[in-house]
Amino acid sequence: MGFGTALTFYAVIGLAVAAADYLGGPDAAGSQRWFRGATAAMFWPLFLPVLLSRSEGDAGPRPPAAAEPIDGMAAAIAQVEIELDAALSSLDGWAESVLAREKDRLGELRGALASQAARIREMDALVAGFDDEGEPALALAPAGPSNDRCQQSEQARRQNLARLRGVRRRAYDDLMGTLAWVRELVSMIHLAKFTGAPASRAEELVAQIAAAVEGVSELRKEASRDVG
Amino acid sequence: MTAACAKLSSIETLEPPVVAEALPDDGSTVGLLELLLKSERRLNLLLRDPARQREIIPRLLAVALGGFAIYGVAATVVLNAIADKTYWPQFVPMARWSDASAPNLLAAYAIGLIAANGVCLPSFYFYGLLAGVKTTLLGVTAHAMKGMAAGALALVGILPIYVTLALGVVVFPAPRELSTLCVALGLALPFVAGLWGARSLYLGFVSLADTIPCDQRGVRVCFLRRLLLAWCGCYTFVTPVMIYALWNYLAK
């Protein structure tokens, strides 16, 4: 394959990449789009990662997330998220390196709080379902050894329900404790910024907020150990 | 009075909070130029966001192309001013401003420098993965473009110094050897300015070392630095070959 043939292949691929970039690229002024198209055709190896990452990021319309019920927990989480966003946005220009580093963990924290709240709602629904069943029909159980077995199973069932209520109460208390801790750290960030604390202090506080996600994960492990 | 003075002296002296100078981040190419010149650290932070990477890569390419184009025009003018109808530096392909070969130097350098970056890009990506850096090909491309744009800016910065020297060689009678040396210096100028680009690329990529797991970071950062230097060496070898091959092809 000569240089001319290689150049022809290069040009054809370049035109294809330029067309894809033109069709899927961001809206821009005419001259900018033409410049982008020309450079994409000439230097398509540099534009290929841009095209491929764009196709990964825009993988069709996502199904709308199931609407979360608006209850006290959701309201508390929303309030803490608003306060956290305000504190983190105030770090711009002061301790922005830690924001870039902890971005993923902060995102995980939000997800962990929401999933913890969803777990608590599931437990609430379960407990409410068991409470609605009313007393078991022990009266219809035949007398004799089978009745004793029924009573034992029923007793174990009530104990499990009581443990489930305990787990639910603990999970709720821990969630509220985590939210309060995050709020406290947020207030410390604001205080640190306006009292001339060094940027390392803000970095330490943001790292502690991000580390709260491990605390939430640890609580779930403890809960599963208790049940086991 | 004494009590008031004592009270004043006990007040803690508060330092004003450190507020970073507000730098333009309006997404324009001029804003990007300012970040390249004034706050590369902030640009490195912006380049961690994939959405910003997709937006910034074409702008960095435009900055690099603009810088190399300016250099190409200046180098062609200087080369033709030094050479004359009877003398053309040996081993330098044609780029006479009086005929169709006028844009050869500009095209060879502008395309060659950027194409060499594209050729070396996959190896740069693999070197990053080898070192354990958590990055994507898009991120690697963004950092490579940033290094190239920084080099182009440095090239535009040192170009006036070179043009002044070359004017001295043109105006005052100089021996042929000095003229050839001046031409050689001009053709090597992008590689001198490229050292600044390599520094920018090195600093930007090493800043990604915090994505390496803590327990392995110490050893892997040393390995990362050596890999980056190896990649810069590879790019330095590929680029002149690419430029010379293109220039010869265009001069035919």
# chains A, B, ... in the order shown; residues from 1 in each chain; ligands from 1
call {"tool": "residues_around", "arguments": {"residues": "range 199-211 of chain B", "least_positions_apart": "4", "cutoff": "6 Å", "atoms": "only C-alpha atoms", "output": "list in words"}}
result
Asn44, Val133, Lys134 and Gly147 of chain B
call {"tool": "write_last_selection", "arguments": {"atoms": "C-alpha atoms", "output": "CSV table (one decimal), in the first residue's frame"}}
result
chain,number,residue,atom,x,y,z
B,44,ASN,CA,-6.2,20.3,35.0
B,133,VAL,CA,-4.0,5.8,36.5
B,134,LYS,CA,-7.8,5.8,36.3
B,147,GLY,CA,0.5,19.8,26.2
call {"tool": "closest_atom_pairs", "arguments": {"of": "chain A", "to": "chain B", "cutoff": "9 Å", "atoms": "only C-alpha atoms", "output": "CSV"}}
result
residue,atom,partner,partner_atom,distance
A:Pro26,CA,B:Glu55,CA,8.6
A:Phe35,CA,B:Ala62,CA,8.7
A:Arg36,CA,B:Pro58,CA,6.9
A:Thr39,CA,B:Pro58,CA,8.2
A:Ala40,CA,B:Pro58,CA,8.7
A:Met42,CA,B:Ile111,CA,8.3
A:Phe43,CA,B:Ala115,CA,6.9
A:Trp44,CA,B:Gly118,CA,8.6
A:Pro45,CA,B:Gly118,CA,5.8
A:Leu46,CA,B:Gly118,CA,6.1
A:Phe47,CA,B:Pro58,CA,8.1
A:Leu48,CA,B:Leu138,CA,8.7
A:Pro49,CA,B:Leu138,CA,5.1
A:Val50,CA,B:Arg54,CA,5.5
A:Leu51,CA,B:Arg54,CA,8.5
A:Leu52,CA,B:Leu138,CA,8.7
A:Ser53,CA,B:Leu138,CA,7.1
A:Arg54,CA,B:Arg54,CA,7.9
A:Asp92,CA,B:Ala20,CA,8.2
A:Gly93,CA,B:Ala20,CA,4.7
A:Trp94,CA,B:Val19,CA,5.9
A:Glu96,CA,B:Leu45,CA,8.0
A:Ser97,CA,B:Leu45,CA,6.9
A:Ala100,CA,B:Leu45,CA,6.6
A:Arg101,CA,B:Asp210,CA,7.4
A:Ala192,CA,B:Pro17,CA,8.8
A:Lys193,CA,B:Pro17,CA,6.2
A:Phe194,CA,B:Pro17,CA,6.2
A:Thr195,CA,B:Leu14,CA,6.7
A:Gly196,CA,B:Pro17,CA,4.3
A:Ala197,CA,B:Pro17,CA,7.0
A:Pro198,CA,B:Val18,CA,7.9
A:Ala199,CA,B:Val18,CA,8.0
call {"tool": "write_last_selection", "arguments": {"atoms": "N, CA and C atoms", "output": "compact mmCIF listing (two decimals), in the first residue's frame"}}
result
# COMPACT_ATOMS: atom_id res chain seq x y z
N PRO A 26 -22.19 19.45 19.31
CA PRO A 26 -22.98 20.49 19.99
C PRO A 26 -23.37 21.59 19.00
N PHE A 35 -15.15 24.79 11.06
CA PHE A 35 -13.78 24.59 11.53
C PHE A 35 -13.66 23.23 12.20
N ARG A 36 -14.68 22.90 13.01
CA ARG A 36 -14.68 21.60 13.70
C ARG A 36 -14.71 20.47 12.70
N THR A 39 -11.25 20.22 10.91
CA THR A 39 -10.20 19.63 11.77
C THR A 39 -10.52 18.17 12.08
N ALA A 40 -11.82 17.85 12.18
CA ALA A 40 -12.18 16.45 12.43
C ALA A 40 -11.79 15.57 11.24
N MET A 42 -9.32 16.19 9.13
CA MET A 42 -7.86 16.10 9.01
C MET A 42 -7.24 15.33 10.16
N PHE A 43 -7.79 15.51 11.37
CA PHE A 43 -7.19 14.92 12.56
C PHE A 43 -8.19 14.01 13.26
N TRP A 44 -8.77 13.10 12.49
CA TRP A 44 -9.85 12.28 13.07
C TRP A 44 -9.39 11.39 14.22
N PRO A 45 -8.10 10.93 14.31
CA PRO A 45 -7.75 10.13 15.49
C PRO A 45 -7.95 10.88 16.80
N LEU A 46 -7.89 12.21 16.76
CA LEU A 46 -8.08 12.97 17.98
C LEU A 46 -9.56 13.16 18.30
N PHE A 47 -10.40 13.10 17.27
CA PHE A 47 -11.84 13.29 17.49
C PHE A 47 -12.56 11.98 17.77
N LEU A 48 -11.91 10.87 17.46
CA LEU A 48 -12.57 9.59 17.69
C LEU A 48 -12.93 9.35 19.16
N PRO A 49 -12.02 9.61 20.10
CA PRO A 49 -12.42 9.44 21.51
C PRO A 49 -13.59 10.34 21.90
N VAL A 50 -13.64 11.55 21.31
CA VAL A 50 -14.75 12.46 21.62
C VAL A 50 -16.06 11.85 21.14
N LEU A 51 -16.06 11.31 19.93
CA LEU A 51 -17.28 10.71 19.37
C LEU A 51 -17.69 9.49 20.17
N LEU A 52 -16.72 8.64 20.48
CA LEU A 52 -17.04 7.38 21.18
C LEU A 52 -17.55 7.67 22.59
N SER A 53 -16.96 8.65 23.27
CA SER A 53 -17.41 8.94 24.63
C SER A 53 -18.78 9.58 24.58
N ARG A 54 -19.05 10.33 23.52
CA ARG A 54 -20.37 10.95 23.40
C ARG A 54 -21.43 9.87 23.22
N ASP A 92 -15.37 26.82 45.50
CA ASP A 92 -14.78 27.10 44.21
C ASP A 92 -13.68 28.14 44.34
N GLY A 93 -12.48 27.78 43.95
CA GLY A 93 -11.36 28.71 44.05
C GLY A 93 -10.63 28.62 45.37
N TRP A 94 -11.16 27.84 46.32
CA TRP A 94 -10.50 27.76 47.63
C TRP A 94 -9.93 26.38 47.87
N GLU A 96 -10.73 23.53 45.55
CA GLU A 96 -11.42 22.81 44.48
C GLU A 96 -10.76 21.48 44.14
N SER A 97 -9.48 21.31 44.53
CA SER A 97 -8.83 20.04 44.19
C SER A 97 -9.50 18.89 44.92
N ALA A 100 -12.67 17.74 43.15
CA ALA A 100 -12.42 16.88 41.99
C ALA A 100 -12.09 15.46 42.45
N ARG A 101 -11.31 15.37 43.55
CA ARG A 101 -10.90 14.05 44.03
C ARG A 101 -12.06 13.28 44.61
N ALA A 192 -15.14 27.68 58.51
CA ALA A 192 -13.72 27.66 58.15
C ALA A 192 -13.42 28.68 57.06
N LYS A 193 -14.33 28.78 56.10
CA LYS A 193 -14.08 29.70 54.98
C LYS A 193 -14.02 31.14 55.46
N PHE A 194 -14.90 31.51 56.37
CA PHE A 194 -14.98 32.92 56.76
C PHE A 194 -14.16 33.28 57.97
N THR A 195 -13.46 32.31 58.54
CA THR A 195 -12.55 32.64 59.64
C THR A 195 -11.09 32.47 59.23
N GLY A 196 -10.86 32.36 57.92
CA GLY A 196 -9.49 32.35 57.44
C GLY A 196 -8.76 31.04 57.65
N ALA A 197 -9.51 29.97 57.77
CA ALA A 197 -8.83 28.68 57.93
C ALA A 197 -8.12 28.32 56.63
N PRO A 198 -7.05 27.56 56.72
CA PRO A 198 -6.36 27.18 55.48
C PRO A 198 -7.21 26.23 54.64
N ALA A 199 -6.86 26.15 53.38
CA ALA A 199 -7.63 25.30 52.46
C ALA A 199 -7.58 23.84 52.89
call {"tool": "select_by_dssp", "arguments": {"residues": "range 41-213 of chain B", "states": "alpha helix (DSSP H)", "output": "ChimeraX atom specification"}}
result
/B:41-46,50-82,104-131,137-171,176-206
call {"tool": "write_last_selection", "arguments": {"atoms": "C-alpha atoms", "output": "compact mmCIF listing (two decimals), in the first residue's frame"}}
result
# COMPACT_ATOMS: atom_id res chain seq x y z
CA ARG B 41 -3.86 23.83 37.77
CA ARG B 42 -7.44 24.91 37.28
CA LEU B 43 -7.39 23.69 33.69
CA ASN B 44 -6.16 20.31 34.96
CA LEU B 45 -9.17 20.22 37.29
CA LEU B 46 -11.55 21.09 34.45
CA PRO B 50 -15.60 14.14 30.68
CA ALA B 51 -18.19 16.68 29.53
CA ARG B 52 -15.62 19.46 29.67
CA GLN B 53 -13.04 17.26 27.95
CA ARG B 54 -15.32 16.84 24.93
CA GLU B 55 -15.79 20.60 24.78
CA ILE B 56 -12.18 21.60 25.41
CA ILE B 57 -10.36 19.23 23.02
CA PRO B 58 -11.39 21.03 19.80
CA ARG B 59 -10.54 24.38 21.38
CA LEU B 60 -7.09 23.20 22.40
CA LEU B 61 -6.61 21.87 18.87
CA ALA B 62 -7.57 25.31 17.52
CA VAL B 63 -5.03 26.99 19.83
CA ALA B 64 -2.32 24.58 18.72
CA LEU B 65 -3.15 24.97 15.03
CA GLY B 66 -3.18 28.74 15.37
CA GLY B 67 0.21 28.76 17.08
CA PHE B 68 1.79 26.41 14.54
CA ALA B 69 0.30 28.41 11.66
CA ILE B 70 1.84 31.62 12.97
CA TYR B 71 5.15 29.84 13.33
CA GLY B 72 4.85 28.37 9.82
CA VAL B 73 4.29 31.77 8.25
CA ALA B 74 7.17 33.37 10.19
CA ALA B 75 9.56 30.48 9.47
CA THR B 76 8.72 30.55 5.74
CA VAL B 77 9.37 34.30 5.60
CA VAL B 78 12.68 33.97 7.48
CA LEU B 79 13.80 30.99 5.39
CA ASN B 80 13.15 32.81 2.14
CA ALA B 81 14.73 36.01 3.43
CA ILE B 82 17.92 34.18 4.34
CA ASN B 104 4.83 23.49 2.35
CA LEU B 105 6.61 24.39 5.57
CA LEU B 106 3.43 25.59 7.23
CA ALA B 107 1.48 22.49 6.25
CA ALA B 108 4.28 20.10 7.15
CA TYR B 109 4.76 21.53 10.63
CA ALA B 110 1.11 22.13 11.47
CA ILE B 111 -0.07 18.74 10.25
CA GLY B 112 3.07 16.86 11.24
CA LEU B 113 3.13 18.03 14.87
CA ILE B 114 -0.53 17.22 15.40
CA ALA B 115 -0.45 13.96 13.42
CA ALA B 116 2.54 12.75 15.44
CA ASN B 117 0.47 13.36 18.56
CA GLY B 118 -2.29 11.20 17.09
CA VAL B 119 0.19 8.45 16.25
CA CYS B 120 1.61 8.39 19.78
CA LEU B 121 -1.77 8.71 21.52
CA PRO B 122 -2.59 5.00 21.93
CA SER B 123 0.79 4.35 23.56
CA PHE B 124 0.15 7.27 25.91
CA TYR B 125 -3.17 5.71 26.91
CA PHE B 126 -1.58 2.32 27.54
CA TYR B 127 1.24 3.89 29.54
CA GLY B 128 -1.37 5.54 31.77
CA LEU B 129 -3.17 2.23 32.26
CA LEU B 130 0.13 0.48 33.02
CA ALA B 131 0.86 3.00 35.72
CA LEU B 137 -8.78 7.60 26.14
CA LEU B 138 -10.74 10.86 26.07
CA GLY B 139 -8.91 12.10 29.16
CA VAL B 140 -5.56 11.10 27.72
CA THR B 141 -6.40 12.93 24.47
CA ALA B 142 -7.35 16.02 26.44
CA HIS B 143 -4.04 16.06 28.31
CA ALA B 144 -2.05 15.45 25.13
CA MET B 145 -3.89 18.34 23.44
CA LYS B 146 -3.22 20.55 26.46
CA GLY B 147 0.50 19.80 26.23
CA MET B 148 0.49 20.56 22.52
CA ALA B 149 -1.42 23.81 22.97
CA ALA B 150 0.96 24.90 25.73
CA GLY B 151 3.89 24.15 23.43
CA ALA B 152 2.26 26.16 20.63
CA LEU B 153 1.79 29.12 22.97
CA ALA B 154 5.43 28.91 24.05
CA LEU B 155 6.44 28.75 20.38
CA VAL B 156 4.52 31.94 19.61
CA GLY B 157 6.17 33.50 22.66
CA ILE B 158 9.75 32.78 21.61
CA LEU B 159 9.15 33.44 17.91
CA PRO B 160 9.78 37.20 18.12
CA ILE B 161 13.20 36.54 19.66
CA TYR B 162 14.10 34.21 16.82
CA VAL B 163 12.78 36.61 14.17
CA THR B 164 14.91 39.40 15.66
CA LEU B 165 18.00 37.19 15.48
CA ALA B 166 17.17 36.16 11.93
CA LEU B 167 16.69 39.79 10.90
CA GLY B 168 20.19 40.49 12.11
CA VAL B 169 21.50 37.68 9.92
CA VAL B 170 19.51 39.00 6.94
CA VAL B 171 20.41 42.67 7.32
CA ARG B 176 26.94 31.13 5.00
CA GLU B 177 27.53 28.87 7.98
CA LEU B 178 25.83 31.35 10.28
CA SER B 179 22.87 31.62 7.90
CA THR B 180 22.55 27.82 7.83
CA LEU B 181 22.75 27.73 11.61
CA CYS B 182 20.01 30.35 11.85
CA VAL B 183 17.79 28.32 9.50
CA ALA B 184 18.46 25.15 11.51
CA LEU B 185 17.58 26.97 14.74
CA GLY B 186 14.32 28.14 13.19
CA LEU B 187 13.38 24.67 12.06
CA ALA B 188 14.21 23.26 15.50
CA LEU B 189 12.28 25.97 17.34
CA PRO B 190 9.07 23.92 17.77
CA PHE B 191 11.08 21.27 19.56
CA VAL B 192 12.58 23.85 21.90
CA ALA B 193 9.11 25.22 22.66
CA GLY B 194 7.89 21.64 22.90
CA LEU B 195 9.83 21.29 26.14
CA TRP B 196 7.29 23.63 27.73
CA GLY B 197 4.49 21.54 26.29
CA ALA B 198 6.10 18.40 27.67
CA ARG B 199 6.31 20.06 31.10
CA SER B 200 2.62 20.98 30.93
CA LEU B 201 1.68 17.44 29.89
CA TYR B 202 3.86 15.95 32.64
CA LEU B 203 2.37 18.12 35.39
CA GLY B 204 -1.19 17.54 34.19
CA PHE B 205 -0.88 13.79 33.93
CA VAL B 206 1.04 13.35 37.18
call {"tool": "atom_distance", "arguments": {"atom1": "CA of Ala211 in chain A", "atom2": "CA of Asp215 in chain B"}}
result
17.4 Å
call {"tool": "residues_around", "arguments": {"residues": "Ala18 in chain A", "least_positions_apart": "2", "cutoff": "7 Å", "atoms": "only C-alpha atoms", "output": "VMD selection string"}}
result
chain A and resid 14 to 16 20 to 22 37 40 to 41
call {"tool": "closest_residue", "arguments": {"among": "B:Ala102, B:Phe172, B:Leu47, B:Met242", "to": "Thr135 in chain B", "atoms": "only C-alpha atoms"}}
result
B:Leu47
call {"tool": "residues_around", "arguments": {"residues": "Cys214 in chain B", "least_positions_apart": "6", "cutoff": "12 Å", "atoms": "only C-alpha atoms", "output": "list in words"}}
result
Gly132, Val133, Arg220 and Val221 of chain B
call {"tool": "residues_around", "arguments": {"residues": "Ile82 in chain A", "least_positions_apart": "4", "cutoff": "12 Å", "atoms": "only C-alpha atoms", "output": "mmCIF file with N, CA and C atoms, in the first residue's frame"}}
result
data_model
loop_
_atom_site.group_PDB
_atom_site.id
_atom_site.type_symbol
_atom_site.label_atom_id
_atom_site.label_comp_id
_atom_site.auth_asym_id
_atom_site.auth_seq_id
_atom_site.Cartn_x
_atom_site.Cartn_y
_atom_site.Cartn_z
ATOM 1 N N ALA A 75 -37.676 14.556 52.619
ATOM 2 C CA ALA A 75 -37.546 16.002 52.835
ATOM 3 C C ALA A 75 -36.240 16.314 53.566
ATOM 4 N N ALA A 76 -35.898 15.488 54.568
ATOM 5 C CA ALA A 76 -34.662 15.723 55.322
ATOM 6 C C ALA A 76 -33.442 15.531 54.417
ATOM 7 N N ILE A 77 -33.474 14.466 53.600
ATOM 8 C CA ILE A 77 -32.344 14.211 52.697
ATOM 9 C C ILE A 77 -32.214 15.352 51.692
ATOM 10 N N ALA A 78 -33.361 15.811 51.150
ATOM 11 C CA ALA A 78 -33.323 16.912 50.166
ATOM 12 C C ALA A 78 -32.723 18.169 50.795
ATOM 13 N N ALA A 86 -24.639 23.849 48.487
ATOM 14 C CA ALA A 86 -24.273 25.253 48.725
ATOM 15 C C ALA A 86 -22.853 25.342 49.304
ATOM 16 N N ALA A 87 -22.541 24.442 50.237
ATOM 17 C CA ALA A 87 -21.210 24.473 50.856
ATOM 18 C C ALA A 87 -20.131 24.114 49.841
ATOM 19 N N LEU A 88 -20.400 23.097 49.021
ATOM 20 C CA LEU A 88 -19.390 22.657 48.057
ATOM 21 C C LEU A 88 -19.190 23.714 46.964
ATOM 22 N N SER A 89 -20.262 24.375 46.561
ATOM 23 C CA SER A 89 -20.101 25.409 45.528
ATOM 24 C C SER A 89 -19.346 26.608 46.080
ATOM 25 N N ARG A 110 -24.753 10.449 48.238
ATOM 26 C CA ARG A 110 -26.150 10.787 47.939
ATOM 27 C C ARG A 110 -26.951 9.521 47.642
ATOM 28 N N LEU A 179 -27.309 12.257 58.614
ATOM 29 C CA LEU A 179 -27.744 13.542 58.040
ATOM 30 C C LEU A 179 -27.336 14.698 58.963
ATOM 31 N N VAL A 182 -23.583 15.271 58.608
ATOM 32 C CA VAL A 182 -23.246 15.979 57.359
ATOM 33 C C VAL A 182 -23.574 17.468 57.502
ATOM 34 N N ARG A 183 -24.712 17.769 58.140
ATOM 35 C CA ARG A 183 -25.087 19.179 58.341
ATOM 36 C C ARG A 183 -24.069 19.886 59.227
ATOM 37 N N VAL A 186 -21.047 20.602 57.178
ATOM 38 C CA VAL A 186 -21.329 21.697 56.238
ATOM 39 C C VAL A 186 -21.182 23.042 56.950
#
call {"tool": "atom_distance", "arguments": {"atom1": "CA of Arg168 in chain A", "atom2": "CA of Asp124 in chain A"}}
result
7.5 Å
call {"tool": "closest_residue", "arguments": {"among": "A:Ile120, A:Ala171, A:Met73, A:Val127", "to": "Arg157 in chain A", "atoms": "only C-alpha atoms"}}
result
A:Val127
